[in-house]
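Undergrad: To be precise about what I am sending: the file is called upload-v6.pdb and holds PDB, C-alpha atoms and all ligand atoms.
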ATOM      1  CA  VAL A 609      10.997 105.501-148.796
ATOM      2  CA  ALA A 610       8.214 105.507-146.280
ATOM      3  CA  ARG A 611       4.539 104.954-146.479
ATOM      4  CA  ILE A 612       3.481 105.657-142.959
ATOM      5  CA  LEU A 613      -0.209 105.421-142.093
ATOM      6  CA  ASN A 614      -2.048 108.705-141.846
ATOM      7  CA  ASP A 615      -2.394 109.939-138.313
ATOM      8  CA  VAL A 616       0.387 107.815-136.892
ATOM      9  CA  SER A 617       1.648 108.486-133.443
ATOM     10  CA  SER A 618       5.189 107.533-134.221
ATOM     11  CA  ILE A 619       7.428 106.459-131.398
ATOM     12  CA  SER A 620      10.234 108.097-133.326
ATOM     13  CA  GLY A 621       8.434 111.391-133.637
ATOM     14  CA  GLY A 622       4.873 112.481-134.493
ATOM     15  CA  GLN A 623       3.290 113.364-137.817
ATOM     16  CA  CYS A 624       5.179 112.962-141.033
ATOM     17  CA  GLU A 625       5.043 113.478-144.764
ATOM     18  CA  ILE A 626       4.755 110.336-146.861
ATOM     19  CA  ALA A 627       6.807 109.227-149.832
ATOM     20  CA  ALA A 628       6.584 105.850-151.528
ATOM     21  CA  PHE A 629       9.411 103.857-153.043
ATOM     22  CA  SER A 630       9.447 100.974-155.478
ATOM     23  CA  ASP A 631      11.878  99.423-157.934
ATOM     24  CA  ASP A 632       8.907  98.739-160.190
ATOM     25  CA  PRO A 633       7.116 101.821-161.644
ATOM     26  CA  SER A 634       3.883  99.831-162.137
ATOM     27  CA  ARG A 635       3.689  99.272-158.357
ATOM     28  CA  VAL A 636       3.687 102.980-157.500
ATOM     29  CA  SER A 637       0.051 104.061-157.283
ATOM     30  CA  ALA A 638      -1.311 107.541-158.009
ATOM     31  CA  GLU A 639      -2.353 108.012-154.373
ATOM     32  CA  PHE A 640       1.183 109.067-153.542
ATOM     33  CA  GLY A 641       2.168 112.658-154.277
ATOM     34  CA  ASN A 642       5.786 111.795-153.502
ATOM     35  CA  PHE A 643       7.349 108.726-154.930
ATOM     36  CA  ALA A 644      10.680 107.432-156.122
ATOM     37  CA  VAL A 645      11.421 104.665-158.593
ATOM     38  CA  GLY A 646      14.732 103.047-157.731
ATOM     39  CA  LEU A 647      17.041 103.709-154.841
ATOM     40  CA  ASP A 648      19.118 106.331-156.684
ATOM     41  CA  GLN A 649      16.064 108.552-157.135
ATOM     42  CA  ALA A 650      14.995 107.941-153.525
ATOM     43  CA  VAL A 651      18.376 109.050-152.217
ATOM     44  CA  ARG A 652      18.354 112.117-154.494
ATOM     45  CA  ASP A 653      14.760 113.269-153.841
ATOM     46  CA  PHE A 654      14.240 111.995-150.275
ATOM     47  CA  PRO A 655      17.725 111.953-148.726
ATOM     48  CA  PRO A 656      18.485 109.931-145.586
ATOM     49  CA  SER A 657      19.423 113.161-143.815
ATOM     50  CA  HIS A 658      15.748 114.248-143.862
ATOM     51  CA  TRP A 659      13.707 111.080-144.417
ATOM     52  CA  GLN A 660      13.250 107.835-142.549
ATOM     53  CA  ALA A 661      12.206 104.543-144.092
ATOM     54  CA  ILE A 662       9.598 101.952-143.199
ATOM     55  CA  GLY A 663       8.868  98.561-144.787
ATOM     56  CA  CYS A 664       5.495  97.699-146.284
ATOM     57  CA  SER A 665       5.977  94.618-148.428
ATOM     58  CA  GLY A 666       3.768  91.710-147.320
ATOM     59  CA  ASP A 667       6.641  89.318-147.945
ATOM     60  CA  PRO A 668       9.060  89.118-145.004
ATOM     61  CA  VAL A 669      11.933  87.929-147.198
ATOM     62  CA  SER A 670      11.625  91.000-149.481
ATOM     63  CA  ARG A 671      11.277  93.228-146.447
ATOM     64  CA  ASP A 672      14.447  91.791-144.909
ATOM     65  CA  ARG A 673      16.334  92.469-148.158
ATOM     66  CA  LEU A 674      14.976  96.038-148.488
ATOM     67  CA  TYR A 675      15.656  96.748-144.819
ATOM     68  CA  ARG A 676      19.332  95.873-145.217
ATOM     69  CA  ARG A 677      19.574  97.792-148.502
ATOM     70  CA  PHE A 678      18.095 100.970-147.009
ATOM     71  CA  ARG A 679      20.184 100.682-143.827
ATOM     72  CA  GLU A 680      23.367 100.325-145.894
ATOM     73  CA  THR A 681      22.337 103.409-147.890
ATOM     74  CA  GLY A 682      22.123 105.434-144.677
ATOM     75  CA  TYR A 683      18.390 105.511-143.909
ATOM     76  CA  ALA A 684      17.185 105.251-140.340
ATOM     77  CA  PHE A 685      13.897 103.379-139.857
ATOM     78  CA  ALA A 686      10.834 104.984-138.280
ATOM     79  CA  THR A 687       8.449 103.163-135.961
ATOM     80  CA  ALA A 688       4.748 103.767-136.573
ATOM     81  CA  CYS A 689       1.933 102.881-134.179
ATOM     82  CA  HIS A 690      -1.594 103.942-135.089
ATOM     83  CA  PRO A 691      -3.348 105.840-132.275
ATOM     84  CA  ASN A 692      -6.203 103.311-132.388
ATOM     85  CA  ALA A 693      -3.835 100.480-131.507
ATOM     86  CA  THR A 694      -3.417  99.482-127.854
ATOM     87  CA  VAL A 695       0.301  99.323-127.189
ATOM     88  CA  LEU A 696       1.334  98.531-123.605
ATOM     89  CA  THR A 697       5.022  98.160-124.384
ATOM     90  CA  ASP A 698       7.727 100.472-125.659
ATOM     91  CA  ASN A 699       9.942  97.604-126.729
ATOM     92  CA  ILE A 700       9.263  98.039-130.434
ATOM     93  CA  GLY A 701      12.123  98.040-132.911
ATOM     94  CA  PRO A 702      12.839 100.421-135.776
ATOM     95  CA  GLY A 703      10.744  99.905-138.895
ATOM     96  CA  CYS A 704       7.802  98.296-137.057
ATOM     97  CA  VAL A 705       4.259  99.226-138.107
ATOM     98  CA  VAL A 706       1.307  98.638-135.763
ATOM     99  CA  PHE A 707      -2.112  98.976-137.426
ATOM    100  CA  PRO A 708      -5.432 100.229-136.019
ATOM    101  CA  GLY A 709      -7.109  97.800-133.634
ATOM    102  CA  ALA A 710      -3.937  95.839-132.879
ATOM    103  CA  ARG A 711      -3.278  95.076-129.201
ATOM    104  CA  LEU A 712       0.174  94.539-127.737
ATOM    105  CA  ALA A 713       0.240  93.487-124.073
ATOM    106  CA  VAL A 714       2.755  94.373-121.388
ATOM    107  CA  GLY A 715       6.272  93.092-122.018
ATOM    108  CA  VAL A 716       5.805  92.337-125.727
ATOM    109  CA  ARG A 717       9.021  92.709-127.709
ATOM    110  CA  LEU A 718       9.090  93.363-131.433
ATOM    111  CA  ALA A 719      12.477  93.227-133.166
ATOM    112  CA  GLU A 720      13.029  95.474-136.183
ATOM    113  CA  ASP A 721      10.678  95.706-139.177
ATOM    114  CA  VAL A 722       7.757  93.742-137.724
ATOM    115  CA  LEU A 723       4.293  94.403-139.149
ATOM    116  CA  VAL A 724       1.282  93.932-136.838
ATOM    117  CA  ASN A 725      -1.905  94.146-138.854
ATOM    118  CA  PHE A 726      -5.531  95.096-138.052
ATOM    119  CA  ASN A 727      -7.037  93.554-134.888
ATOM    120  CA  ALA A 728      -4.121  91.250-134.138
ATOM    121  CA  THR A 729      -3.511  90.535-130.449
ATOM    122  CA  ILE A 730      -0.114  89.739-128.960
ATOM    123  CA  GLY A 731      -0.042  88.386-125.395
ATOM    124  CA  HIS A 732       2.245  89.507-122.595
ATOM    125  CA  TYR A 733       6.003  88.926-122.905
ATOM    126  CA  THR A 734       5.764  87.424-126.373
ATOM    127  CA  ALA A 735       8.859  88.199-128.478
ATOM    128  CA  LEU A 736       8.750  88.352-132.279
ATOM    129  CA  GLY A 737      11.840  88.281-134.507
ATOM    130  CA  ALA A 738      12.756  90.733-137.251
ATOM    131  CA  HIS A 739      10.718  91.091-140.492
ATOM    132  CA  THR A 740       7.772  89.111-139.102
ATOM    133  CA  ASN A 741       4.235  89.574-140.474
ATOM    134  CA  VAL A 742       1.360  89.346-138.023
ATOM    135  CA  ASN A 743      -1.696  89.396-140.290
ATOM    136  CA  PRO A 744      -5.210  90.606-139.461
ATOM    137  CA  GLY A 745      -6.998  88.956-136.548
ATOM    138  CA  VAL A 746      -4.053  86.834-135.384
ATOM    139  CA  GLN A 747      -4.158  85.792-131.710
ATOM    140  CA  LEU A 748      -0.823  85.091-130.068
ATOM    141  CA  GLY A 749      -0.721  83.895-126.475
ATOM    142  CA  GLY A 750       1.753  85.170-123.924
ATOM    143  CA  GLY A 751       5.381  84.096-123.600
ATOM    144  CA  ILE A 752       5.780  82.988-127.215
ATOM    145  CA  CYS A 753       9.287  83.201-128.645
ATOM    146  CA  SER A 754       9.272  83.496-132.423
ATOM    147  CA  GLY A 755      12.119  83.736-134.940
ATOM    148  CA  GLU A 756      12.775  85.974-137.934
ATOM    149  CA  ARG A 757      10.639  86.362-141.092
ATOM    150  CA  VAL A 758       7.715  84.381-139.676
ATOM    151  CA  VAL A 759       4.279  84.779-141.290
ATOM    152  CA  PHE A 760       1.256  84.451-139.007
ATOM    153  CA  GLY A 761      -1.624  84.030-141.495
ATOM    154  CA  ILE A 762      -4.993  85.778-141.129
ATOM    155  CA  GLY A 763      -6.945  84.619-138.087
ATOM    156  CA  SER A 764      -4.379  82.078-136.914
ATOM    157  CA  SER A 765      -3.675  81.510-133.247
ATOM    158  CA  VAL A 766      -0.721  80.231-131.245
ATOM    159  CA  LEU A 767      -0.971  78.948-127.694
ATOM    160  CA  PRO A 768       1.116  80.555-124.949
ATOM    161  CA  ARG A 769       4.830  79.815-124.495
ATOM    162  CA  LYS A 770       5.312  78.060-127.856
ATOM    163  CA  LYS A 771       8.497  78.493-129.859
ATOM    164  CA  VAL A 772       8.346  79.318-133.565
ATOM    165  CA  GLY A 773      11.420  78.883-135.783
ATOM    166  CA  ASP A 774      12.765  81.295-138.404
ATOM    167  CA  ASP A 775      10.891  81.498-141.749
ATOM    168  CA  ALA A 776       7.931  79.468-140.505
ATOM    169  CA  VAL A 777       4.477  80.072-142.007
ATOM    170  CA  ILE A 778       1.439  79.686-139.771
ATOM    171  CA  SER A 779      -1.370  79.266-142.294
ATOM    172  CA  ALA A 780      -4.542  81.336-142.213
ATOM    173  CA  GLY A 781      -7.051  80.062-139.657
ATOM    174  CA  SER A 782      -4.765  77.457-138.126
ATOM    175  CA  ALA A 783      -4.296  76.883-134.405
ATOM    176  CA  VAL A 784      -0.795  76.028-133.214
ATOM    177  CA  TRP A 785      -0.638  73.836-130.124
ATOM    178  CA  ARG A 786       3.015  72.783-130.231
ATOM    179  CA  ASP A 787       6.437  74.256-131.086
ATOM    180  CA  VAL A 788       7.005  75.055-134.771
ATOM    181  CA  PRO A 789      10.306  74.090-136.440
ATOM    182  CA  ALA A 790      12.098  76.583-138.700
ATOM    183  CA  ARG A 791      11.010  76.862-142.368
ATOM    184  CA  CYS A 792       7.823  74.840-141.870
ATOM    185  CA  THR A 793       4.285  75.607-142.990
ATOM    186  CA  MET A 794       1.732  74.743-140.308
ATOM    187  CA  VAL A 795      -1.823  73.970-141.450
ATOM    188  CA  GLY A 796      -5.088  73.124-139.691
ATOM    189  CA  VAL A 797      -6.618  72.835-136.235
ATOM    190  CA  PRO A 798      -4.617  71.573-134.476
ATOM    191  CA  ALA A 799      -1.873  72.655-136.863
ATOM    192  CA  VAL A 800       0.440  70.052-138.405
ATOM    193  CA  VAL A 801       3.515  70.534-140.568
ATOM    194  CA  ARG A 802       2.498  70.644-144.234
ATOM    195  CA  ARG A 803       5.868  70.904-145.928
ATOM    196  CA  GLY A 804       9.296  72.556-145.650
ATOM    197  CA  ARG A 805      10.070  75.937-147.138
ATOM    198  CA  PRO A 806      13.456  76.645-148.745
ATOM    199  CA  PRO A 807      15.848  78.511-146.448
ATOM    200  CA  THR A 808      16.255  82.196-147.219
ATOM    201  CA  ALA A 809      19.587  83.443-148.558
TER     202      ALA A 809
HETATM  203  C1  LIG B 901      -0.516  78.253-145.979
HETATM  204  C2  LIG B 901      -0.370  79.074-147.233
HETATM  205  C3  LIG B 901       0.905  79.891-147.182
HETATM  206  C4  LIG B 901      -0.321  78.096-148.402
HETATM  207  O1  LIG B 901      -0.202  78.779-149.580
HETATM  208  P1  LIG B 901       0.160  77.955-150.937
HETATM  209  O2  LIG B 901       1.471  77.289-150.765
HETATM  210  O3  LIG B 901      -0.041  78.897-152.065
HETATM  211  O4  LIG B 901      -0.922  76.794-150.903
HETATM  212  P2  LIG B 901      -2.151  76.504-151.869
HETATM  213  O5  LIG B 901      -3.149  77.628-151.828
HETATM  214  O6  LIG B 901      -1.580  76.107-153.208
HETATM  215  O7  LIG B 901      -2.807  75.243-151.178
HETATM  216  C5  LIG B 901      -2.101  74.014-151.079
HETATM  217  C6  LIG B 901      -2.889  73.078-150.195
HETATM  218  O8  LIG B 901      -2.901  73.545-148.836
HETATM  219  C7  LIG B 901      -4.262  73.769-148.402
HETATM  220  N1  LIG B 901      -4.287  75.006-147.608
HETATM  221  C8  LIG B 901      -3.814  76.197-147.987
HETATM  222  N2  LIG B 901      -4.007  77.090-147.001
HETATM  223  C9  LIG B 901      -4.616  76.439-146.009
HETATM  224  C10 LIG B 901      -5.083  76.852-144.738
HETATM  225  N3  LIG B 901      -4.943  78.103-144.312
HETATM  226  N4  LIG B 901      -5.666  75.920-143.939
HETATM  227  C11 LIG B 901      -5.821  74.645-144.370
HETATM  228  N5  LIG B 901      -5.384  74.207-145.581
HETATM  229  C12 LIG B 901      -4.804  75.105-146.377
HETATM  230  C13 LIG B 901      -5.055  73.921-149.690
HETATM  231  O9  LIG B 901      -6.405  73.573-149.496
HETATM  232  C14 LIG B 901      -4.330  72.946-150.596
HETATM  233  O10 LIG B 901      -4.737  71.652-150.251
HETATM  234  P3  LIG B 901      -4.787  70.478-151.393
HETATM  235  O11 LIG B 901      -3.386  70.344-151.904
HETATM  236  O12 LIG B 901      -5.271  69.292-150.629
HETATM  237  O13 LIG B 901      -5.756  70.969-152.428
HETATM  238  C15 LIG B 901      -1.560  80.065-147.413
HETATM  239  O14 LIG B 901      -2.742  79.368-147.729
HETATM  240  C16 LIG B 901      -1.823  80.909-146.187
HETATM  241  O15 LIG B 901      -2.512  80.565-145.259
HETATM  242  N6  LIG B 901      -1.201  82.116-146.234
HETATM  243  C17 LIG B 901      -1.399  83.151-145.263
HETATM  244  C18 LIG B 901      -1.824  84.350-146.061
HETATM  245  C19 LIG B 901      -2.215  85.521-145.229
HETATM  246  O16 LIG B 901      -2.643  85.451-144.109
HETATM  247  N7  LIG B 901      -2.075  86.682-145.867
HETATM  248  C20 LIG B 901      -2.412  87.904-145.238
HETATM  249  C21 LIG B 901      -2.590  89.012-146.228
HETATM  250  S1  LIG B 901      -3.182  90.465-145.386
END
Represent the structure of the file as structure tokens.
TA:
Amino acid sequence: VARILNDVSSISGGQCEIAAFSDDPSRVSAEFGNFAVGLDQAVRDFPPSHWQAIGCSGDPVSRDRLYRRFRETGYAFATACHPNATVLTDNIGPGCVVFPGARLAVGVRLAEDVLVNFNATIGHYTALGAHTNVNPGVQLGGGICSGERVVFGIGSSVLPRKKVGDDAVISAGSAVWRDVPARCTMVGVPAVVRRGRPPTA
């Protein structure tokens, strides 16, 4: 249902109890006191009237699917920003998670279910689409406009005001100096298109 980081200062409301959800029992680790296997059990044990959801899969396509599934089942999505993140915007959608050490400048906009990992920096007025993964140490310049389900790999960087299409993958360590078409994997410094990626359903 929701694994929210300990000590979150949640935009949608303070401290919270944590419950984990998975369809696969082998993926539910012992660290969780509360967990549900399958949506039926989640709804029964952690009902949408009392619990909010948050996505944690590293795969934006799975997160998109789970987000829709939980919304249709009646769950609202929480927004979790760690107190050790620097967040100079309140334009953060439901389901977003901002990790310790992340920095979000003035005017940044995150659509729903965006994950901003440790020590990532997002420059002023950059807008990221739903279900995007910003991995550790990513550096995004200001004024970037990025689509849905984009993966920014560890330590990658994107110059200011570039456009990034839906389902693009910016590979770890690459530096993007030009606009990125949808469904492309960008590799290297400066980054070039490696190959297409099948469109998501
Ligand atoms: C780009 C990426 C998606 C490619 O993954 P993949 O399709 O499994 O690719 P492979 O590992 O099979 O590598 C294929 C080729 O691309 C090259 N390549 C892969 N990643 C690369 C990178 N970041 N920079 C430069 N070249 C890269 C490999 O060397 C290999 O080259 P070769 O065919 O000449 O031997 C992946 O490497 C990546 O960067 N993912 C981001 C992961 C991430 O940040 N996760 C965060 C977890 S917290």
Undergrad: Evaluating the PyMOL selection byres (((not hetatm)) within 6 of (chain B and resi 901)) on the displayed file yields which residues, as an MDAnalysis selection string?
TA: chainID A and resid 743 761:762 779:781 795:796
Undergrad: Could you list, as JSON, numbers by chain, every residue matched by the PyMOL selection byres (((chain A and resi 662-667) around 9) and not hetatm) in this structure?
TA: {"A": [609, 610, 611, 612, 660, 661, 668, 669, 670, 671, 672, 674, 675, 684, 685, 686, 687, 688, 702, 703, 704, 705, 721, 722, 723, 739, 740, 741, 757, 759]}
Undergrad: Which residue, A:Pro633, A:Gly682, A:Pro789, A:Pro691, has the smallest gap to Pro656 of chain A when you use only C-alpha atoms?
TA: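 Once distances to Pro656 of chain A are computed over only C-alpha atoms, the minimum belongs to A:Gly682.
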Undergrad: As an exercise, work out the distance from atom CA of Val777 of chain A to atom CA of His690 of chain A in Å and give it to one decimal place.
TA: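 We find that atom CA of Val777 of chain A and atom CA of His690 of chain A lie 25.6 Å from each other.
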Undergrad: Take atom CA of Ala628 of chain A and atom CA of Val645 of chain A and report the distance between them in Å, one decimal.
TA: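 Atom-to-atom, atom CA of Ala628 of chain A and atom CA of Val645 of chain A are spaced 8.6 Å apart.
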Undergrad: Determine the residue set returned by the PyMOL selection byres (((chain A and resi 632) around 12) and not hetatm) for the present structure, and present it as JSON, numbers by chain.
TA: {"A": [628, 629, 630, 631, 633, 634, 635, 636, 637, 643, 644, 645, 646, 647]}
Undergrad: When distances are computed from only C-alpha atoms, which of A:Ala719, A:Ala693, A:Leu712, A:Met794 shows the smallest separation from Gln747 of chain A?
TA: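 With only C-alpha atoms as the atom set, the closest residue is A:Leu712.
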Undergrad: Quick one, how far is atom CA of Asp648 of chain A from atom CA of Arg673 of chain A?
TA: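 So the answer is 16.5 Å.
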Undergrad: Find the residue from A:Arg791, A:Ala738, A:Tyr733, A:Val800 that sits nearest to Arg769 of chain A; use only C-alpha atoms when measuring.
TA: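 Looking at the shortest contact to Arg769 of chain A, the residue is A:Tyr733.
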Undergrad: Step by step: locate segment 712-782 of chain A in the block above, keep C-alpha atoms, then write the file as a PDB file, in the first residue's frame.
TA:
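Below is the file part_15.pdb, written as the result:
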ATOM      1  CA  LEU A 712      14.283  20.965  -6.102  1.00  0.00           C
ATOM      2  CA  ALA A 713      14.640  24.618  -7.137  1.00  0.00           C
ATOM      3  CA  VAL A 714      11.983  27.306  -7.332  1.00  0.00           C
ATOM      4  CA  GLY A 715       9.244  26.653  -9.877  1.00  0.00           C
ATOM      5  CA  VAL A 716       9.961  22.937 -10.348  1.00  0.00           C
ATOM      6  CA  ARG A 717       6.851  20.951 -11.239  1.00  0.00           C
ATOM      7  CA  LEU A 718       6.525  17.234 -10.623  1.00  0.00           C
ATOM      8  CA  ALA A 719       3.456  15.491 -12.050  1.00  0.00           C
ATOM      9  CA  GLU A 720       2.066  12.498 -10.163  1.00  0.00           C
ATOM     10  CA  ASP A 721       4.134   9.513  -9.000  1.00  0.00           C
ATOM     11  CA  VAL A 722       7.593  10.951  -9.685  1.00  0.00           C
ATOM     12  CA  LEU A 723      10.521   9.543  -7.708  1.00  0.00           C
ATOM     13  CA  VAL A 724      13.482  11.856  -6.992  1.00  0.00           C
ATOM     14  CA  ASN A 725      16.329   9.851  -5.530  1.00  0.00           C
ATOM     15  CA  PHE A 726      19.298  10.672  -3.249  1.00  0.00           C
ATOM     16  CA  ASN A 727      21.293  13.823  -4.116  1.00  0.00           C
ATOM     17  CA  ALA A 728      19.508  14.540  -7.384  1.00  0.00           C
ATOM     18  CA  THR A 729      19.233  18.220  -8.321  1.00  0.00           C
ATOM     19  CA  ILE A 730      16.419  19.691 -10.395  1.00  0.00           C
ATOM     20  CA  GLY A 731      16.887  23.241 -11.709  1.00  0.00           C
ATOM     21  CA  HIS A 732      14.350  26.047 -11.600  1.00  0.00           C
ATOM     22  CA  TYR A 733      11.115  25.722 -13.598  1.00  0.00           C
ATOM     23  CA  THR A 734      11.915  22.237 -14.849  1.00  0.00           C
ATOM     24  CA  ALA A 735       8.759  20.134 -15.320  1.00  0.00           C
ATOM     25  CA  LEU A 736       8.792  16.334 -15.094  1.00  0.00           C
ATOM     26  CA  GLY A 737       5.971  14.098 -16.341  1.00  0.00           C
ATOM     27  CA  ALA A 738       4.164  11.379 -14.410  1.00  0.00           C
ATOM     28  CA  HIS A 739       5.895   8.147 -13.249  1.00  0.00           C
ATOM     29  CA  THR A 740       9.383   9.523 -13.938  1.00  0.00           C
ATOM     30  CA  ASN A 741      12.457   8.165 -12.117  1.00  0.00           C
ATOM     31  CA  VAL A 742      15.197  10.621 -11.233  1.00  0.00           C
ATOM     32  CA  ASN A 743      17.988   8.362  -9.969  1.00  0.00           C
ATOM     33  CA  PRO A 744      20.752   9.213  -7.493  1.00  0.00           C
ATOM     34  CA  GLY A 745      23.048  12.113  -8.347  1.00  0.00           C
ATOM     35  CA  VAL A 746      21.167  13.246 -11.462  1.00  0.00           C
ATOM     36  CA  GLN A 747      21.676  16.909 -12.421  1.00  0.00           C
ATOM     37  CA  LEU A 748      18.883  18.534 -14.386  1.00  0.00           C
ATOM     38  CA  GLY A 749      19.262  22.114 -15.566  1.00  0.00           C
ATOM     39  CA  GLY A 750      16.491  24.672 -15.386  1.00  0.00           C
ATOM     40  CA  GLY A 751      13.571  24.976 -17.793  1.00  0.00           C
ATOM     41  CA  ILE A 752      13.629  21.348 -18.929  1.00  0.00           C
ATOM     42  CA  CYS A 753      10.314  19.910 -20.086  1.00  0.00           C
ATOM     43  CA  SER A 754      10.205  16.136 -19.767  1.00  0.00           C
ATOM     44  CA  GLY A 755       7.485  13.615 -20.630  1.00  0.00           C
ATOM     45  CA  GLU A 756       6.003  10.644 -18.792  1.00  0.00           C
ATOM     46  CA  ARG A 757       7.812   7.495 -17.566  1.00  0.00           C
ATOM     47  CA  VAL A 758      11.280   8.897 -18.265  1.00  0.00           C
ATOM     48  CA  VAL A 759      14.285   7.297 -16.540  1.00  0.00           C
ATOM     49  CA  PHE A 760      17.201   9.583 -15.688  1.00  0.00           C
ATOM     50  CA  GLY A 761      20.012   7.099 -14.924  1.00  0.00           C
ATOM     51  CA  ILE A 762      22.433   7.492 -12.005  1.00  0.00           C
ATOM     52  CA  GLY A 763      24.688  10.526 -12.344  1.00  0.00           C
ATOM     53  CA  SER A 764      23.319  11.665 -15.697  1.00  0.00           C
ATOM     54  CA  SER A 765      22.900  15.323 -16.535  1.00  0.00           C
ATOM     55  CA  VAL A 766      20.682  17.303 -18.887  1.00  0.00           C
ATOM     56  CA  LEU A 767      21.421  20.842 -20.010  1.00  0.00           C
ATOM     57  CA  PRO A 768      18.877  23.599 -19.375  1.00  0.00           C
ATOM     58  CA  ARG A 769      15.747  24.035 -21.511  1.00  0.00           C
ATOM     59  CA  LYS A 770      15.981  20.654 -23.277  1.00  0.00           C
ATOM     60  CA  LYS A 771      12.876  18.647 -24.099  1.00  0.00           C
ATOM     61  CA  VAL A 772      12.686  14.951 -23.240  1.00  0.00           C
ATOM     62  CA  GLY A 773      10.021  12.721 -24.815  1.00  0.00           C
ATOM     63  CA  ASP A 774       7.837  10.123 -23.090  1.00  0.00           C
ATOM     64  CA  ASP A 775       9.476   6.785 -22.135  1.00  0.00           C
ATOM     65  CA  ALA A 776      12.996   8.014 -22.863  1.00  0.00           C
ATOM     66  CA  VAL A 777      15.938   6.527 -20.943  1.00  0.00           C
ATOM     67  CA  ILE A 778      18.890   8.767 -20.138  1.00  0.00           C
ATOM     68  CA  SER A 779      21.636   6.247 -19.401  1.00  0.00           C
ATOM     69  CA  ALA A 780      23.749   6.359 -16.258  1.00  0.00           C
ATOM     70  CA  GLY A 781      26.561   8.907 -16.480  1.00  0.00           C
ATOM     71  CA  SER A 782      25.475  10.404 -19.788  1.00  0.00           C
TER      72      SER A 782
END
